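Below is protein36.txt, holding compact mmCIF, C-alpha atoms.
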```
# COMPACT_ATOMS: atom_id res chain seq x y z
CA MET A 1 -1.11 18.21 17.09
CA ASN A 2 2.12 16.90 18.61
CA LEU A 3 4.61 17.61 15.84
CA ALA A 4 7.46 15.70 17.49
CA LYS A 5 5.26 12.60 17.60
CA LEU A 6 4.26 12.99 13.95
CA GLN A 7 7.91 13.41 13.01
CA GLN A 8 8.68 10.03 14.64
CA GLN A 9 5.96 8.43 12.53
CA ILE A 10 7.24 10.12 9.36
CA ASP A 11 10.78 8.96 10.13
CA PHE A 12 9.48 5.38 10.47
CA ILE A 13 7.58 5.71 7.18
CA LYS A 14 10.79 6.82 5.46
CA GLU A 15 12.87 4.09 7.09
CA ILE A 16 10.64 1.25 5.89
CA ASP A 17 11.20 2.31 2.27
CA LYS A 18 14.21 -0.03 2.58
CA VAL A 19 11.81 -3.01 2.50
CA LYS A 20 11.50 -2.35 -1.25
CA TYR A 21 15.15 -3.28 -1.75
CA ILE A 22 15.04 -6.64 0.05
CA GLN A 23 15.06 -9.35 -2.58
CA ARG A 24 13.31 -12.65 -1.95
CA LYS A 25 14.39 -15.92 -3.52
CA THR A 26 11.02 -16.40 -5.21
CA LYS A 27 10.23 -14.87 -8.56
CA LEU A 28 7.14 -13.03 -9.81
CA PHE A 29 4.52 -15.10 -11.65
CA HIS A 30 5.72 -16.49 -14.98
CA SER A 31 8.86 -14.43 -14.58
CA ASP A 32 12.54 -14.54 -13.76
CA ARG A 33 12.42 -11.26 -11.82
CA ASN A 34 12.84 -11.66 -8.06
CA GLU A 35 10.09 -10.34 -5.83
CA ASN A 36 10.95 -7.85 -3.11
CA ASP A 37 9.52 -7.76 0.41
CA ALA A 38 7.26 -4.75 -0.21
CA GLU A 39 5.64 -6.38 -3.25
CA HIS A 40 5.32 -9.64 -1.35
CA SER A 41 3.70 -7.95 1.65
CA TRP A 42 1.27 -6.08 -0.58
CA HIS A 43 0.27 -9.31 -2.31
CA LEU A 44 -0.29 -11.13 1.00
CA ALA A 45 -2.48 -8.29 2.26
CA VAL A 46 -4.73 -8.43 -0.81
CA MET A 47 -4.80 -12.24 -0.58
CA ALA A 48 -5.84 -12.07 3.08
CA ILE A 49 -8.71 -9.74 2.17
CA MET A 50 -9.87 -11.94 -0.71
CA LEU A 51 -9.49 -15.31 1.06
CA SER A 52 -10.48 -14.58 4.68
CA GLU A 53 -13.69 -16.59 4.29
CA TYR A 54 -11.55 -19.76 4.21
CA SER A 55 -9.99 -19.23 7.64
CA ASN A 56 -10.71 -22.14 9.99
CA GLU A 57 -12.24 -19.64 12.39
CA PRO A 58 -13.45 -16.07 11.86
CA VAL A 59 -10.51 -13.66 11.91
CA ASP A 60 -9.98 -10.04 12.86
CA LEU A 61 -9.11 -9.17 9.26
CA LEU A 62 -7.52 -5.79 10.08
CA LYS A 63 -5.10 -7.54 12.41
CA VAL A 64 -4.22 -10.15 9.77
CA VAL A 65 -3.61 -7.36 7.26
CA LYS A 66 -1.40 -5.48 9.73
CA MET A 67 0.59 -8.68 10.31
CA VAL A 68 1.30 -9.41 6.68
CA LEU A 69 2.06 -5.77 5.89
CA ILE A 70 4.70 -5.48 8.62
CA HIS A 71 5.98 -9.06 9.00
CA ASP A 72 9.09 -8.56 6.88
CA ILE A 73 10.09 -5.08 8.10
CA VAL A 74 12.63 -6.70 10.45
CA GLU A 75 14.51 -7.89 7.37
CA ILE A 76 15.77 -4.32 6.86
CA ASP A 77 18.33 -5.21 9.51
CA ALA A 78 18.19 -9.01 9.63
CA GLY A 79 17.97 -9.80 5.90
CA ASP A 80 15.76 -12.29 4.12
CA THR A 81 16.04 -15.89 5.27
CA PHE A 82 15.12 -18.47 2.67
CA ILE A 83 12.52 -20.92 3.95
CA TYR A 84 14.49 -23.93 2.65
CA ASP A 85 17.79 -22.65 4.05
CA THR A 86 19.36 -25.59 5.89
CA GLN A 87 21.74 -23.44 7.97
CA LYS A 88 19.43 -20.83 9.45
CA ASN A 89 15.98 -21.23 10.94
CA HIS A 90 13.54 -18.58 9.80
CA SER A 91 11.58 -18.50 13.03
CA ASN A 92 12.11 -15.68 15.47
CA THR A 93 15.85 -15.30 15.60
CA ASP A 94 17.48 -12.99 18.11
CA GLU A 95 18.65 -10.86 15.20
CA GLU A 96 15.05 -10.27 14.11
CA ARG A 97 13.99 -9.37 17.65
CA VAL A 98 16.71 -6.74 17.86
CA ALA A 99 15.62 -5.44 14.46
CA ALA A 100 11.98 -5.24 15.55
CA LYS A 101 12.97 -3.21 18.60
CA ARG A 102 15.08 -0.81 16.59
CA ILE A 103 12.72 -0.27 13.66
CA PHE A 104 9.30 -0.32 15.35
CA GLY A 105 11.01 1.50 18.21
CA MET A 106 11.24 4.57 15.95
CA LEU A 107 7.47 4.98 16.42
CA PRO A 108 5.84 6.71 19.40
CA GLN A 109 5.92 4.32 22.37
CA ALA A 110 2.32 3.02 22.35
CA GLN A 111 2.44 2.41 18.61
CA ALA A 112 5.89 0.79 18.83
CA ASP A 113 4.60 -1.56 21.53
CA GLU A 114 1.55 -2.45 19.43
CA MET A 115 3.54 -3.19 16.29
CA ILE A 116 6.15 -5.26 18.10
CA ALA A 117 3.30 -7.24 19.68
CA VAL A 118 1.67 -7.76 16.27
CA TRP A 119 5.01 -8.93 14.84
CA GLU A 120 5.66 -11.26 17.80
CA GLU A 121 2.14 -12.68 17.44
CA PHE A 122 2.76 -13.41 13.77
CA GLU A 123 6.09 -15.06 14.52
CA ALA A 124 4.64 -17.19 17.34
CA GLY A 125 1.88 -18.39 15.01
CA GLN A 126 -0.49 -19.38 17.80
CA THR A 127 -3.53 -17.14 17.34
CA ILE A 128 -6.18 -17.54 14.65
CA GLU A 129 -4.96 -14.34 12.99
CA ALA A 130 -1.31 -15.41 13.00
CA LYS A 131 -2.20 -18.84 11.62
CA PHE A 132 -4.17 -17.34 8.77
CA ALA A 133 -1.49 -14.72 8.05
CA ARG A 134 1.15 -17.47 7.94
CA ALA A 135 -1.04 -19.48 5.59
CA MET A 136 -0.96 -16.51 3.18
CA ASP A 137 2.82 -16.31 3.54
CA ARG A 138 3.16 -19.97 2.52
CA LEU A 139 0.52 -19.92 -0.21
CA GLU A 140 1.94 -17.07 -2.32
CA PRO A 141 5.33 -18.72 -3.12
CA LEU A 142 3.52 -22.00 -3.83
CA LEU A 143 1.46 -20.21 -6.48
CA GLN A 144 4.62 -18.54 -7.78
CA ASN A 145 6.70 -21.73 -7.97
CA THR A 146 3.98 -23.68 -9.74
CA SER A 147 3.70 -20.86 -12.31
CA ASN A 148 7.49 -20.87 -12.76
CA LYS A 149 8.17 -24.53 -13.63
CA GLY A 150 9.18 -25.29 -10.06
CA GLY A 151 10.90 -21.97 -9.37
CA THR A 152 12.96 -22.12 -6.17
CA TRP A 153 12.25 -25.87 -5.79
CA GLN A 154 14.19 -26.48 -8.97
CA GLU A 155 16.76 -23.77 -8.39
CA PHE A 156 17.69 -25.03 -4.93
CA ASP A 157 16.87 -28.72 -5.47
CA VAL A 158 14.16 -28.88 -2.82
CA SER A 159 12.31 -32.18 -2.45
CA TYR A 160 8.59 -32.91 -2.23
CA GLN A 161 8.77 -33.85 1.44
CA LYS A 162 10.40 -30.57 2.47
CA VAL A 163 7.86 -28.57 0.49
CA TYR A 164 5.00 -30.65 1.91
CA ASP A 165 6.21 -30.17 5.49
CA LYS A 166 6.71 -26.41 5.16
CA LYS A 167 3.44 -25.86 3.32
CA SER A 168 1.35 -27.95 5.71
CA VAL A 169 1.36 -24.89 7.99
CA ILE A 170 -1.38 -23.64 5.66
CA LYS A 171 -3.72 -26.23 7.20
CA GLU A 172 -3.51 -24.56 10.60
CA GLY A 173 -4.91 -21.36 9.12
CA SER A 174 -7.24 -22.88 6.57
CA LYS A 175 -8.18 -26.51 5.98
CA ASP A 176 -9.90 -25.45 2.74
CA LEU A 177 -6.84 -23.71 1.35
CA TRP A 178 -4.74 -26.71 2.38
CA VAL A 179 -6.91 -29.01 0.24
CA PHE A 180 -6.15 -26.70 -2.67
CA ALA A 181 -2.45 -26.38 -1.81
CA GLU A 182 -1.93 -30.11 -1.27
CA GLU A 183 -3.43 -30.76 -4.69
CA LEU A 184 -1.07 -28.19 -6.25
CA ILE A 185 1.94 -29.85 -4.60
CA ASN A 186 0.90 -33.31 -5.76
CA GLU A 187 0.25 -32.04 -9.29
CA SER A 188 3.74 -30.52 -9.27
CA VAL A 189 5.25 -33.97 -8.75
CA VAL A 190 3.13 -35.38 -11.59
CA ASN A 191 4.18 -32.46 -13.79
CA GLY A 192 7.84 -33.11 -13.05
CA ILE A 193 8.57 -29.74 -11.43
CA LEU A 194 8.98 -31.14 -7.90
CA ARG A 195 11.02 -34.28 -7.24
CA LYS A 196 9.45 -36.87 -5.00
CA GLU A 197 12.46 -38.85 -3.78
CA GLU A 198 15.11 -37.62 -1.36
CA PRO A 199 18.60 -37.41 -2.84
CA ASN A 200 20.88 -40.38 -2.18
CA SER A 201 23.16 -39.20 0.60
CA ALA A 202 25.70 -41.96 -0.02
CA THR A 203 28.58 -40.92 -2.24
CA SER A 204 29.92 -43.33 -4.82
CA GLU A 205 33.62 -43.72 -5.23
CA MET B 206 -15.71 -25.65 -0.20
CA ASN B 207 -16.71 -24.34 -3.61
CA LEU B 208 -13.57 -25.06 -5.63
CA ALA B 209 -14.74 -23.12 -8.70
CA LYS B 210 -15.21 -20.04 -6.54
CA LEU B 211 -11.77 -20.42 -4.97
CA GLN B 212 -10.25 -20.83 -8.43
CA GLN B 213 -11.73 -17.46 -9.44
CA GLN B 214 -10.10 -15.85 -6.41
CA ILE B 215 -6.76 -17.53 -7.16
CA ASP B 216 -6.95 -16.36 -10.78
CA PHE B 217 -7.49 -12.79 -9.55
CA ILE B 218 -4.56 -13.12 -7.14
CA LYS B 219 -2.33 -14.22 -10.01
CA GLU B 220 -3.62 -11.49 -12.34
CA ILE B 221 -2.79 -8.66 -9.95
CA ASP B 222 0.86 -9.71 -9.91
CA LYS B 223 1.05 -7.38 -12.92
CA VAL B 224 0.74 -4.39 -10.55
CA LYS B 225 4.41 -5.06 -9.63
CA TYR B 226 5.48 -4.10 -13.16
CA ILE B 227 3.67 -0.76 -13.33
CA GLN B 228 6.28 1.97 -12.91
CA ARG B 229 5.36 5.25 -11.30
CA LYS B 230 7.08 8.51 -12.11
CA THR B 231 8.20 8.99 -8.50
CA LYS B 232 11.39 7.47 -7.17
CA LEU B 233 12.12 5.63 -3.93
CA PHE B 234 13.49 7.70 -1.05
CA HIS B 235 16.98 9.10 -1.68
CA SER B 236 17.08 7.03 -4.84
CA ASP B 237 16.89 7.15 -8.60
CA ARG B 238 14.96 3.88 -8.82
CA ASN B 239 11.30 4.27 -9.84
CA GLU B 240 8.67 2.94 -7.50
CA ASN B 241 6.12 0.44 -8.78
CA ASP B 242 2.43 0.36 -7.94
CA ALA B 243 2.67 -2.65 -5.60
CA GLU B 244 5.41 -1.02 -3.53
CA HIS B 245 3.47 2.25 -3.51
CA SER B 246 0.25 0.55 -2.40
CA TRP B 247 2.07 -1.32 0.36
CA HIS B 248 3.60 1.90 1.63
CA LEU B 249 0.25 3.72 1.64
CA ALA B 250 -1.35 0.88 3.61
CA VAL B 251 1.32 1.01 6.31
CA MET B 252 1.07 4.82 6.36
CA ALA B 253 -2.71 4.64 6.79
CA ILE B 254 -2.27 2.32 9.76
CA MET B 255 0.38 4.52 11.38
CA LEU B 256 -1.32 7.88 10.73
CA SER B 257 -5.05 7.15 11.12
CA GLU B 258 -5.18 9.17 14.35
CA TYR B 259 -4.76 12.34 12.25
CA SER B 260 -7.89 11.80 10.16
CA ASN B 261 -10.34 14.72 10.48
CA GLU B 262 -12.95 12.20 11.60
CA PRO B 263 -12.61 8.62 12.89
CA VAL B 264 -12.18 6.23 9.96
CA ASP B 265 -13.02 2.60 9.29
CA LEU B 266 -9.33 1.74 9.01
CA LEU B 267 -9.88 -1.63 7.30
CA LYS B 268 -11.79 0.12 4.54
CA VAL B 269 -9.04 2.73 4.11
CA VAL B 270 -6.45 -0.06 3.91
CA LYS B 271 -8.54 -1.93 1.33
CA MET B 272 -8.80 1.27 -0.73
CA VAL B 273 -5.10 2.01 -0.84
CA LEU B 274 -4.19 -1.64 -1.46
CA ILE B 275 -6.45 -1.94 -4.51
CA HIS B 276 -6.63 1.66 -5.83
CA ASP B 277 -4.03 1.15 -8.56
CA ILE B 278 -5.07 -2.33 -9.76
CA VAL B 279 -6.98 -0.71 -12.63
CA GLU B 280 -3.64 0.49 -13.98
CA ILE B 281 -2.92 -3.08 -15.15
CA ASP B 282 -5.14 -2.19 -18.11
CA ALA B 283 -5.27 1.62 -17.99
CA GLY B 284 -1.62 2.39 -17.16
CA ASP B 285 -0.23 4.88 -14.68
CA THR B 286 -1.32 8.47 -15.14
CA PHE B 287 1.10 11.07 -13.81
CA ILE B 288 -0.60 13.50 -11.45
CA TYR B 289 1.01 16.52 -13.17
CA ASP B 290 0.17 15.23 -16.64
CA THR B 291 -1.40 18.14 -18.48
CA GLN B 292 -3.05 16.00 -21.17
CA LYS B 293 -4.88 13.40 -19.14
CA ASN B 294 -6.92 13.77 -15.98
CA HIS B 295 -6.21 11.09 -13.40
CA SER B 296 -9.69 11.00 -11.94
CA ASN B 297 -12.04 8.22 -12.89
CA THR B 298 -11.56 7.88 -16.61
CA ASP B 299 -13.77 5.59 -18.63
CA GLU B 300 -10.70 3.47 -19.32
CA GLU B 301 -10.20 2.88 -15.60
CA ARG B 302 -13.87 1.96 -15.13
CA VAL B 303 -13.63 -0.66 -17.85
CA ALA B 304 -10.44 -1.96 -16.23
CA ALA B 305 -12.11 -2.17 -12.82
CA LYS B 306 -14.95 -4.19 -14.28
CA ARG B 307 -12.64 -6.60 -16.05
CA ILE B 308 -10.13 -7.14 -13.25
CA PHE B 309 -12.35 -7.10 -10.14
CA GLY B 310 -14.90 -8.92 -12.29
CA MET B 311 -12.62 -11.97 -12.16
CA LEU B 312 -13.69 -12.40 -8.52
CA PRO B 313 -16.90 -14.13 -7.39
CA GLN B 314 -19.82 -11.75 -7.95
CA ALA B 315 -20.37 -10.45 -4.40
CA GLN B 316 -16.66 -9.83 -3.92
CA ALA B 317 -16.34 -8.20 -7.34
CA ASP B 318 -19.21 -5.87 -6.51
CA GLU B 319 -17.63 -4.98 -3.16
CA MET B 320 -14.20 -4.24 -4.62
CA ILE B 321 -15.59 -2.16 -7.49
CA ALA B 322 -17.60 -0.18 -4.93
CA VAL B 323 -14.49 0.34 -2.77
CA TRP B 324 -12.54 1.51 -5.81
CA GLU B 325 -15.36 3.84 -6.93
CA GLU B 326 -15.59 5.25 -3.40
CA PHE B 327 -11.86 5.99 -3.42
CA GLU B 328 -12.06 7.66 -6.82
CA ALA B 329 -15.08 9.77 -5.84
CA GLY B 330 -13.24 10.97 -2.73
CA GLN B 331 -16.37 11.94 -0.85
CA THR B 332 -16.42 9.69 2.22
CA ILE B 333 -14.18 10.10 5.26
CA GLU B 334 -12.35 6.91 4.32
CA ALA B 335 -11.78 8.00 0.73
CA LYS B 336 -10.56 11.42 1.84
CA PHE B 337 -8.06 9.92 4.24
CA ALA B 338 -6.91 7.30 1.69
CA ARG B 339 -6.39 10.06 -0.88
CA ALA B 340 -4.42 12.07 1.66
CA MET B 341 -2.03 9.10 1.97
CA ASP B 342 -1.77 8.89 -1.82
CA ARG B 343 -0.71 12.55 -1.98
CA LEU B 344 1.55 12.51 1.05
CA GLU B 345 3.87 9.66 0.00
CA PRO B 346 5.22 11.30 -3.20
CA LEU B 347 5.62 14.58 -1.31
CA LEU B 348 7.90 12.80 1.15
CA GLN B 349 9.69 11.13 -1.76
CA ASN B 350 10.22 14.31 -3.78
CA THR B 351 11.52 16.26 -0.80
CA SER B 352 14.01 13.44 -0.12
CA ASN B 353 15.07 13.45 -3.79
CA LYS B 354 16.04 17.11 -4.30
CA GLY B 355 12.67 17.87 -5.87
CA GLY B 356 12.28 14.55 -7.69
CA THR B 357 9.46 14.71 -10.24
CA TRP B 358 8.97 18.46 -9.59
CA GLN B 359 12.43 19.08 -10.99
CA GLU B 360 12.27 16.36 -13.62
CA PHE B 361 9.00 17.62 -15.10
CA ASP B 362 9.41 21.30 -14.19
CA VAL B 363 6.34 21.47 -11.94
CA SER B 364 5.68 24.77 -10.17
CA TYR B 365 4.84 25.50 -6.54
CA GLN B 366 1.25 26.42 -7.32
CA LYS B 367 0.52 23.14 -9.10
CA VAL B 368 2.05 21.15 -6.27
CA TYR B 369 0.19 23.23 -3.69
CA ASP B 370 -3.15 22.75 -5.45
CA LYS B 371 -2.74 18.99 -5.91
CA LYS B 372 -1.46 18.44 -2.38
CA SER B 373 -4.17 20.52 -0.71
CA VAL B 374 -6.41 17.46 -1.09
CA ILE B 375 -4.54 16.21 1.98
CA LYS B 376 -6.44 18.81 4.05
CA GLU B 377 -9.77 17.15 3.29
CA GLY B 378 -8.53 13.94 4.91
CA SER B 379 -6.40 15.44 7.63
CA LYS B 380 -5.96 19.07 8.65
CA ASP B 381 -3.06 18.04 10.87
CA LEU B 382 -1.17 16.30 8.07
CA TRP B 383 -1.86 19.28 5.84
CA VAL B 384 -0.10 21.58 8.34
CA PHE B 385 2.90 19.27 8.05
CA ALA B 386 2.64 18.94 4.26
CA GLU B 387 2.21 22.68 3.66
CA GLU B 388 5.33 23.34 5.71
CA LEU B 389 7.25 20.76 3.62
CA ILE B 390 6.11 22.41 0.38
CA ASN B 391 7.09 25.88 1.61
CA GLU B 392 10.47 24.59 2.81
CA SER B 393 11.00 23.09 -0.63
CA VAL B 394 10.75 26.53 -2.18
CA VAL B 395 13.21 27.95 0.37
CA ASN B 396 15.54 25.02 -0.32
CA GLY B 397 15.41 25.67 -4.05
CA ILE B 398 13.94 22.32 -5.04
CA LEU B 399 10.51 23.71 -6.01
CA ARG B 400 10.19 26.86 -8.12
CA LYS B 401 7.72 29.45 -6.91
CA GLU B 402 7.03 31.47 -10.04
CA GLU B 403 5.07 30.26 -13.04
CA PRO B 404 7.12 30.06 -16.24
CA ASN B 405 6.90 33.10 -18.47
CA SER B 406 4.54 32.02 -21.22
CA ALA B 407 5.59 34.89 -23.50
CA THR B 408 8.36 33.99 -25.87
CA SER B 409 11.06 36.53 -26.62
CA GLU B 410 12.15 37.00 -30.16
```
Translate this file's structure into structure tokens.
Amino acid sequence: MNLAKLQQQIDFIKEIDKVKYIQRKTKLFHSDRNENDAEHSWHLAVMAIMLSEYSNEPVDLLKVVKMVLIHDIVEIDAGDTFIYDTQKNHSNTDEERVAAKRIFGMLPQAQADEMIAVWEEFEAGQTIEAKFARAMDRLEPLLQNTSNKGGTWQEFDVSYQKVYDKKSVIKEGSKDLWVFAEELINESVVNGILRKEEPNSATSE
Amino acid sequence: MNLAKLQQQIDFIKEIDKVKYIQRKTKLFHSDRNENDAEHSWHLAVMAIMLSEYSNEPVDLLKVVKMVLIHDIVEIDAGDTFIYDTQKNHSNTDEERVAAKRIFGMLPQAQADEMIAVWEEFEAGQTIEAKFARAMDRLEPLLQNTSNKGGTWQEFDVSYQKVYDKKSVIKEGSKDLWVFAEELINESVVNGILRKEEPNSATSE
């Protein structure tokens, strides 16, 4: 056994404990307690295992699970970016790339290269696995918000169209799950927990 | 798509959110905040991915990951049992079996059967995958306690021999990781965070 190599892996395992402190905007089901990135990643991994049959094409499930388990590790350095944030785009910022290099770079070289590649693949969202993993990432907060009377949609005054546009990424991973998700979004409007119209941008004097 | 089947899977996904509320005795690294079962399961899954090369025999990694992700779901009904609890044995209680049937039983039949089998395999600890998964489950709190000045060993006055006996399960999954773990346990005695001698059971008058 190469003890120096193992020590690198152990150091990485200790470092990623910080993921448990990163608070997301979304709340647990029927709750006002914020979810953290470790809980979120665990939930996505179990979801991927339970729902893989709905992927548009057969997936390498182990790769999907790796993706969802590690996709938020970069937030140790880069922080959580809210999907409906109007100032910052969630996708693949330079800050996250630097974070990926530092954190996965703690691992032995071959493993670091593999994990950075897995993370980049998730972020790019082009492969079947990345599309399905991203569908999980969009589906979980939809389930949470609908269980929480609108949740972050209400808290941050997010409109139907924005939710619809962000969630339609689910379709690329799973047309079946999109049918289910679209129905949930439409029901949310009917139930009054998601507002259909855009706000009037004109100010009255 | 069979919508009734999908609804069963979604109901299961919502139910297991409760895992995020189950507090373990162990604390996060360098912290006094208790870890919950979802965070713990996430950490074990990433550890399994990073450390699988050290398994005594090649493992089906996806199965190991499934095991560690779902191994504590039964605690939604049965509660967390502390490994050094002297009253209750952690292994495969009737209560946990009933919980497994109820919770995994929410899934469509074939999936329920698969997940119950995966959980039973983990609990039995006989296959290569179960042995490696159990090694992860024992290694994480060892890393936590050594980072926390003895952590639960100090808090619950656990002796070297008890720790050594419980942790030696790691060897069955990975002789290499056991070399590392044994060294950590011995260092803990030297560092004064784990007491070597058994308490004197005789009372003085």
* To do: Please determine the contact residues of chain B with respect to chain A at a cut-off of 6 Å, counting all atoms listed in the file, and supply them as a VMD selection string.
  => chain B and resid 243 to 244 247 267
* Mind pulling up the distance from atom CA of B:Lys371 to atom CA of B:Ser393? -> 15.3 Å
* To do: Mind giving me the straight-line distance from atom CA of B:Lys306 to atom CA of B:Ile321 in Å, one decimal?
  =>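 Going from atom CA of B:Lys306 over to atom CA of B:Ile321 covers 7.1 Å.
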* Got a sec: who's within 9 Å of B:Val368, counting only C-alpha atoms, leaving out chain neighbours fewer than 5 positions off, as a ChimeraX atom specification? -> /B:289,347,358,363,373,390,399
* Asked: Which residue, B:Gly284, B:Gly397, B:Pro346, B:Gly378, has the smallest gap to B:Asn239 when you use all atoms listed in the file?
  ->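 For B:Asn239, the nearest of the candidates is B:Pro346.
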* Do a neighbour search on stretch 92-99 of chain A at 8 Å with all atoms listed in the file, toss out local chain neighbours closer than 2 positions, and write the hits as a ChimeraX atom specification. => /A:74-78,89-90,101-103,123-124
* To do: Take atom CA of A:Gln8 and atom CA of B:Val264 and report the distance between them in Å, one decimal.
  =>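 Interatomic distance here is 21.7 Å.
Residue nearest B:Ala338 within the list B:Ser379, B:Gln228, B:Gln359, B:Asn350: B:Ser379 [criterion: smallest interatomic distance, all atoms listed in the file].
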* To do: Quick one: everything within 10 Å of A:Asp32, counting all atoms listed in the file, minus sequence neighbours fewer than 5 positions away in the same chain. Send it as a list in words.
  =>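 Final neighbour list, sorted by chain and number: Thr26, Lys27, Asn148 and Gly151 of chain A.
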Limited to C-alpha atoms, could you put the picked residues into a file as an mmCIF file, in the frame of the given file?
```cif
data_model
loop_
_atom_site.group_PDB
_atom_site.id
_atom_site.type_symbol
_atom_site.label_atom_id
_atom_site.label_comp_id
_atom_site.auth_asym_id
_atom_site.auth_seq_id
_atom_site.Cartn_x
_atom_site.Cartn_y
_atom_site.Cartn_z
ATOM 1 C CA THR A 26 11.020 -16.400 -5.210
ATOM 2 C CA LYS A 27 10.230 -14.870 -8.560
ATOM 3 C CA ASN A 148 7.490 -20.870 -12.760
ATOM 4 C CA GLY A 151 10.900 -21.970 -9.370
#
```
Dump of stretch 226-242 of chain B from preceding block, N, CA and C atoms, as a compact mmCIF listing (two decimals), in the first residue's frame:
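Contents of the output file decode-v7.txt:
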```
# COMPACT_ATOMS: atom_id res chain seq x y z
N TYR B 226 -33.29 14.19 9.43
CA TYR B 226 -33.55 14.62 10.81
C TYR B 226 -32.97 13.66 11.84
N ILE B 227 -32.46 12.52 11.38
CA ILE B 227 -31.98 11.52 12.34
C ILE B 227 -30.55 11.85 12.76
N GLN B 228 -30.40 12.24 14.01
CA GLN B 228 -29.10 12.66 14.53
C GLN B 228 -28.29 11.46 14.96
N ARG B 229 -27.02 11.45 14.55
CA ARG B 229 -26.09 10.44 15.03
C ARG B 229 -25.39 10.97 16.29
N LYS B 230 -24.70 10.07 16.97
CA LYS B 230 -23.95 10.51 18.14
C LYS B 230 -22.68 11.26 17.73
N THR B 231 -22.10 10.83 16.60
CA THR B 231 -20.83 11.44 16.16
C THR B 231 -21.03 12.86 15.64
N LYS B 232 -19.96 13.62 15.75
CA LYS B 232 -19.98 15.02 15.33
C LYS B 232 -19.22 15.20 14.01
N LEU B 233 -19.53 16.27 13.31
CA LEU B 233 -18.77 16.61 12.10
C LEU B 233 -17.30 16.83 12.47
N PHE B 234 -16.45 16.88 11.47
CA PHE B 234 -15.01 17.04 11.70
C PHE B 234 -14.70 18.38 12.38
N HIS B 235 -13.89 18.31 13.41
CA HIS B 235 -13.47 19.52 14.15
C HIS B 235 -14.70 20.36 14.51
N SER B 236 -15.70 19.72 15.04
CA SER B 236 -16.98 20.40 15.24
C SER B 236 -17.71 19.83 16.44
N ASP B 237 -18.65 20.60 16.96
CA ASP B 237 -19.52 20.03 17.99
C ASP B 237 -20.95 19.88 17.47
N ARG B 238 -21.10 19.92 16.15
CA ARG B 238 -22.43 19.75 15.55
C ARG B 238 -22.61 18.28 15.17
N ASN B 239 -23.70 17.66 15.66
CA ASN B 239 -23.97 16.26 15.33
C ASN B 239 -24.21 16.09 13.83
N GLU B 240 -23.80 14.93 13.36
CA GLU B 240 -24.04 14.58 11.96
C GLU B 240 -25.41 13.92 11.86
N ASN B 241 -26.10 14.11 10.74
CA ASN B 241 -27.34 13.35 10.55
C ASN B 241 -27.11 12.22 9.55
N ASP B 242 -28.08 11.33 9.50
CA ASP B 242 -27.92 10.12 8.68
C ASP B 242 -27.76 10.38 7.19
```
